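Peer 1: Here it is, the structure in full.
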Amino acid sequence: MQDSQEYKDKKAFFEKIITLYGRNVVVEVLQDSTIEVHKLHMADSNKTDGAIKTILALAKTRNIEITYHAKNSLSRISKNAKQDQGVAIDIISKSYQNAKEIKNLDSFRLIALDGIHNPQNLGMIIRSCAAGNVDGIILPKKSSAKISPLVIKASAGTLFKLPIYFCNSLDEMLNDLKDTKIYALSSHAKNSIYNVVPHAKSIFVLGNESDGVSKEVEALCNDSVSIPMNRGVESLNVAVTASLIAFLK
């Protein structure tokens with residue numbers, strides 16, 4: 001029983017870890033004392049000059065554990081051999097939570113992302129939600145952009161300012177929620193987002209940049225809404241759509 005609990009605690013801990021890569025990104029993370037770091041990963045082939053020298057000095061100052069790897073092994077950690085530049089860092093993000101936690105909330109307004117692949121769009125969505133009236137973002141691990149240096153840059157420092165709930169796939173997660181009003185954003189919907197009646201538990205699903213909300217996820221939504229358009233404009237960028245929803249009253 002104790003071993004089982006230890007396993008669950010360990011799993012919960014590592015679920016909150018986000019791995020970033022790239023020398024400039026790692027320097028920025030290490031310079032920000034508000035970001036909790038679990039471990040720094042370095043390729044043993046790195047020359048100790050320039051940014052690497054700075055990274056090592058910052059890690060020493062913050063007493064951060066450093067693990068050295070062969071370049072191939074480090075690339076498996078970063079999952080981006082072309083851009084990791086021989087460094088990766090594990091961040092402990094308290095705002096990165098399992099979507100199962102949503103069931104414990106009494107009320108919420110969330111934005112769920114269905115197949116958003118563009119890292120820049122994801123970063124801008126995070127920024128808008130952090131600034132607006134949204135309690136968090138649901139980000140599936142399957143068929144979605146991952147948290148990366150590009151996402152962090154596009155979010156302009158807001159990544160850790162609101163909860164990001166992760167799940168394996170959005171349809172599995174939505175199917176598990178009860179007493180929740182789930183809206184699919186659709187250009188074909190007759191109901192306007194400005195006519196939405198506030199509900200204690202609301203989720204707005206934003207679909208893929210090209211194809212919109214998938215049929216599997218749309219089937220789990222109990223309503224659909226659109227953004228009224230003028231002058232024959234058919235649709236907006238998904239990040240702009242998220243901004244409009246984030247600032248609904």
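Chain identifiers are assigned as A, B, and so on, following the order in which chains appear in the structure tokens; residues are numbered from 1 within each chain, and ligands are numbered from 1 in order of appearance.
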Near segment 181-187 of chain A, counting only C-alpha atoms, which residues have an atom at most 8 Å away, once you skip same-chain residues fewer than 6 positions from it, shown as JSON, numbers by chain?
Peer 2: {"A": [199, 201, 202, 203, 204, 205, 206, 207, 212, 213, 218, 220, 221, 222, 223, 224, 225, 226, 227, 234, 235]}
Peer 1: Mind dumping the selected residues with C-alpha atoms as a CSV table (one decimal), in the first residue's frame?
Peer 2:
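Listing of again06.csv after writing:
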chain,number,residue,atom,x,y,z
A,199,HIS,CA,-23.0,28.6,-16.5
A,201,LYS,CA,-19.1,25.1,-15.3
A,202,SER,CA,-18.3,26.1,-18.9
A,203,ILE,CA,-15.8,24.9,-21.5
A,204,PHE,CA,-15.2,26.5,-24.9
A,205,VAL,CA,-13.6,24.2,-27.4
A,206,LEU,CA,-11.4,25.7,-30.1
A,207,GLY,CA,-10.5,23.5,-33.0
A,212,GLY,CA,-11.9,23.3,-36.8
A,213,VAL,CA,-13.3,21.1,-34.0
A,218,GLU,CA,-17.9,18.0,-31.4
A,220,LEU,CA,-19.4,15.5,-26.9
A,221,CYS,CA,-20.3,19.2,-26.9
A,222,ASN,CA,-23.9,20.1,-25.9
A,223,ASP,CA,-23.9,23.4,-27.8
A,224,SER,CA,-22.1,25.3,-30.5
A,225,VAL,CA,-21.5,29.0,-30.8
A,226,SER,CA,-20.0,31.4,-33.4
A,227,ILE,CA,-18.4,34.8,-33.6
A,234,GLU,CA,-15.4,33.6,-42.8
A,235,SER,CA,-13.2,33.0,-39.8
Peer 1: Can you pull out every residue within 10 Å of segment 151-166 of chain A, counting only C-alpha atoms, but drop anything in the same chain fewer than 6 positions away, and send it as JSON, numbers by chain?
Peer 2: {"A": [15, 16, 20, 25, 35, 93, 94, 95, 96, 97, 98, 99, 100, 101, 102, 110, 111, 112, 118, 119, 120, 121, 122, 123, 124, 125, 126, 127, 128, 129, 130, 131, 134, 135, 136, 137, 138, 139, 140, 141, 142, 145, 173]}
Peer 1: Keeping only C-alpha atoms, take the residues you just selected and write them out as a PDB file, in the first residue's frame.
Peer 2:
ATOM      1  CA  GLU A  15       3.687  14.959 -14.446  1.00  0.00           C
ATOM      2  CA  LYS A  16       4.321  18.564 -13.392  1.00  0.00           C
ATOM      3  CA  LEU A  20      12.709  22.997 -22.189  1.00  0.00           C
ATOM      4  CA  VAL A  25      16.022  29.638 -23.007  1.00  0.00           C
ATOM      5  CA  ILE A  35      10.897  29.257 -11.671  1.00  0.00           C
ATOM      6  CA  SER A  93       5.431  23.870 -13.000  1.00  0.00           C
ATOM      7  CA  LYS A  94       2.743  24.010 -10.309  1.00  0.00           C
ATOM      8  CA  SER A  95       0.358  25.427 -12.904  1.00  0.00           C
ATOM      9  CA  TYR A  96       0.714  22.330 -15.122  1.00  0.00           C
ATOM     10  CA  GLN A  97      -1.930  19.983 -13.749  1.00  0.00           C
ATOM     11  CA  ASN A  98      -3.710  16.762 -14.613  1.00  0.00           C
ATOM     12  CA  ALA A  99      -7.130  17.435 -16.159  1.00  0.00           C
ATOM     13  CA  LYS A 100      -8.637  15.045 -13.621  1.00  0.00           C
ATOM     14  CA  GLU A 101      -8.345  17.938 -11.149  1.00  0.00           C
ATOM     15  CA  ILE A 102     -11.097  19.805 -13.015  1.00  0.00           C
ATOM     16  CA  LEU A 110     -12.028  26.910 -19.421  1.00  0.00           C
ATOM     17  CA  ILE A 111     -10.760  26.925 -22.983  1.00  0.00           C
ATOM     18  CA  ALA A 112     -10.034  23.482 -24.450  1.00  0.00           C
ATOM     19  CA  ASN A 118       1.107  25.959 -34.164  1.00  0.00           C
ATOM     20  CA  PRO A 119       3.356  26.815 -31.160  1.00  0.00           C
ATOM     21  CA  GLN A 120       2.936  30.544 -31.750  1.00  0.00           C
ATOM     22  CA  ASN A 121      -0.847  30.223 -31.659  1.00  0.00           C
ATOM     23  CA  LEU A 122      -0.617  28.229 -28.436  1.00  0.00           C
ATOM     24  CA  GLY A 123       1.611  30.855 -26.828  1.00  0.00           C
ATOM     25  CA  MET A 124      -0.726  33.703 -27.809  1.00  0.00           C
ATOM     26  CA  ILE A 125      -3.740  31.741 -26.542  1.00  0.00           C
ATOM     27  CA  ILE A 126      -2.013  31.282 -23.182  1.00  0.00           C
ATOM     28  CA  ARG A 127      -1.265  35.001 -23.010  1.00  0.00           C
ATOM     29  CA  SER A 128      -4.869  36.012 -23.774  1.00  0.00           C
ATOM     30  CA  CYS A 129      -6.301  33.537 -21.281  1.00  0.00           C
ATOM     31  CA  ALA A 130      -3.901  34.695 -18.572  1.00  0.00           C
ATOM     32  CA  ALA A 131      -5.033  38.279 -19.138  1.00  0.00           C
ATOM     33  CA  VAL A 134     -10.528  32.310 -18.014  1.00  0.00           C
ATOM     34  CA  ASP A 135      -9.655  29.871 -15.244  1.00  0.00           C
ATOM     35  CA  GLY A 136      -7.384  27.639 -17.295  1.00  0.00           C
ATOM     36  CA  ILE A 137      -6.590  25.864 -20.563  1.00  0.00           C
ATOM     37  CA  ILE A 138      -7.076  22.193 -21.375  1.00  0.00           C
ATOM     38  CA  LEU A 139      -4.175  21.005 -23.534  1.00  0.00           C
ATOM     39  CA  PRO A 140      -4.174  17.386 -24.794  1.00  0.00           C
ATOM     40  CA  LYS A 141      -0.856  15.619 -25.259  1.00  0.00           C
ATOM     41  CA  LYS A 142      -2.188  13.889 -28.371  1.00  0.00           C
ATOM     42  CA  ALA A 145       1.580  21.589 -29.882  1.00  0.00           C
ATOM     43  CA  MET A 173     -11.362  13.944 -20.941  1.00  0.00           C
TER      44      MET A 173
END
Peer 1: Please determine, counting only C-alpha atoms, which residue among A:Gln83, A:Ser143, A:Thr61, A:Gln5 has the shortest atom-to-atom distance to Leu113 of chain A.
Peer 2: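 Checking each of A:Gln83, A:Ser143, A:Thr61, A:Gln5 against Leu113 of chain A, counting only C-alpha atoms, the winner is A:Ser143.
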Peer 1: Go through segment 10-210 of chain A and collect every residue that DSSP, computed from the backbone, puts in strand (DSSP E); the answer should be as a PDB file with C-alpha atoms, in the first residue's frame.
Peer 2:
ATOM      1  CA  ILE A  17       7.729  18.664 -15.054  1.00  0.00           C
ATOM      2  CA  ILE A  18       8.121  20.534 -18.334  1.00  0.00           C
ATOM      3  CA  THR A  19      11.384  20.034 -20.237  1.00  0.00           C
ATOM      4  CA  LEU A  20      12.709  22.997 -22.189  1.00  0.00           C
ATOM      5  CA  TYR A  21      15.828  23.236 -24.348  1.00  0.00           C
ATOM      6  CA  GLU A  36      11.575  26.040  -9.756  1.00  0.00           C
ATOM      7  CA  VAL A  37      14.117  23.831 -11.510  1.00  0.00           C
ATOM      8  CA  HIS A  38      14.351  20.073 -10.977  1.00  0.00           C
ATOM      9  CA  LYS A  39      17.438  19.254 -13.029  1.00  0.00           C
ATOM     10  CA  LEU A  40      19.741  20.595 -15.721  1.00  0.00           C
ATOM     11  CA  HIS A  41      20.823  18.281 -18.553  1.00  0.00           C
ATOM     12  CA  MET A  42      24.026  18.899 -20.511  1.00  0.00           C
ATOM     13  CA  ALA A  43      25.693  17.157 -23.434  1.00  0.00           C
ATOM     14  CA  ILE A  66      23.488  18.839 -13.417  1.00  0.00           C
ATOM     15  CA  THR A  67      23.443  15.553 -15.303  1.00  0.00           C
ATOM     16  CA  TYR A  68      25.764  14.960 -18.264  1.00  0.00           C
ATOM     17  CA  HIS A  69      24.729  12.834 -21.233  1.00  0.00           C
ATOM     18  CA  VAL A  87      21.245  21.658 -23.140  1.00  0.00           C
ATOM     19  CA  ALA A  88      17.846  20.900 -21.616  1.00  0.00           C
ATOM     20  CA  ILE A  89      16.231  21.825 -18.329  1.00  0.00           C
ATOM     21  CA  ASP A  90      13.431  20.285 -16.263  1.00  0.00           C
ATOM     22  CA  ILE A  91      11.058  22.867 -14.791  1.00  0.00           C
ATOM     23  CA  ILE A  92       8.608  22.050 -11.994  1.00  0.00           C
ATOM     24  CA  TYR A  96       0.714  22.330 -15.122  1.00  0.00           C
ATOM     25  CA  GLN A  97      -1.930  19.983 -13.749  1.00  0.00           C
ATOM     26  CA  ASN A  98      -3.710  16.762 -14.613  1.00  0.00           C
ATOM     27  CA  PHE A 108     -14.883  27.294 -13.927  1.00  0.00           C
ATOM     28  CA  ARG A 109     -14.600  28.799 -17.387  1.00  0.00           C
ATOM     29  CA  LEU A 110     -12.028  26.910 -19.421  1.00  0.00           C
ATOM     30  CA  ILE A 111     -10.760  26.925 -22.983  1.00  0.00           C
ATOM     31  CA  ALA A 112     -10.034  23.482 -24.450  1.00  0.00           C
ATOM     32  CA  LEU A 113      -7.752  23.110 -27.460  1.00  0.00           C
ATOM     33  CA  GLY A 136      -7.384  27.639 -17.295  1.00  0.00           C
ATOM     34  CA  ILE A 137      -6.590  25.864 -20.563  1.00  0.00           C
ATOM     35  CA  ILE A 138      -7.076  22.193 -21.375  1.00  0.00           C
ATOM     36  CA  LEU A 139      -4.175  21.005 -23.534  1.00  0.00           C
ATOM     37  CA  PRO A 140      -4.174  17.386 -24.794  1.00  0.00           C
ATOM     38  CA  ILE A 164      -2.807  24.368 -17.947  1.00  0.00           C
ATOM     39  CA  TYR A 165      -4.628  21.070 -17.597  1.00  0.00           C
ATOM     40  CA  PHE A 166      -3.094  18.200 -19.553  1.00  0.00           C
ATOM     41  CA  CYS A 167      -4.829  15.031 -20.720  1.00  0.00           C
ATOM     42  CA  LYS A 181     -21.734  23.205 -20.489  1.00  0.00           C
ATOM     43  CA  ILE A 182     -19.401  22.435 -23.378  1.00  0.00           C
ATOM     44  CA  TYR A 183     -19.438  24.794 -26.365  1.00  0.00           C
ATOM     45  CA  ALA A 184     -17.850  24.023 -29.716  1.00  0.00           C
ATOM     46  CA  LEU A 185     -16.700  27.101 -31.625  1.00  0.00           C
ATOM     47  CA  LYS A 201     -19.097  25.119 -15.337  1.00  0.00           C
ATOM     48  CA  SER A 202     -18.278  26.092 -18.922  1.00  0.00           C
ATOM     49  CA  ILE A 203     -15.766  24.858 -21.476  1.00  0.00           C
ATOM     50  CA  PHE A 204     -15.215  26.476 -24.879  1.00  0.00           C
ATOM     51  CA  VAL A 205     -13.560  24.155 -27.398  1.00  0.00           C
ATOM     52  CA  LEU A 206     -11.352  25.703 -30.072  1.00  0.00           C
TER      53      LEU A 206
END
Peer 1: Have a look at A:Val217, A:Thr180, A:Gly22, A:Ser148 and name the one nearest to Asp84 of chain A; count only C-alpha atoms.
Peer 2: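 Among the listed residues, the smallest separation from Asp84 of chain A belongs to A:Gly22.
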Peer 1: Enter the distance from atom CA of Asp211 of chain A to atom CA of Ser144 of chain A, in Å, rounded to one decimal.
Peer 2: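 Atom-to-atom, atom CA of Asp211 of chain A and atom CA of Ser144 of chain A are spaced 13.5 Å apart.
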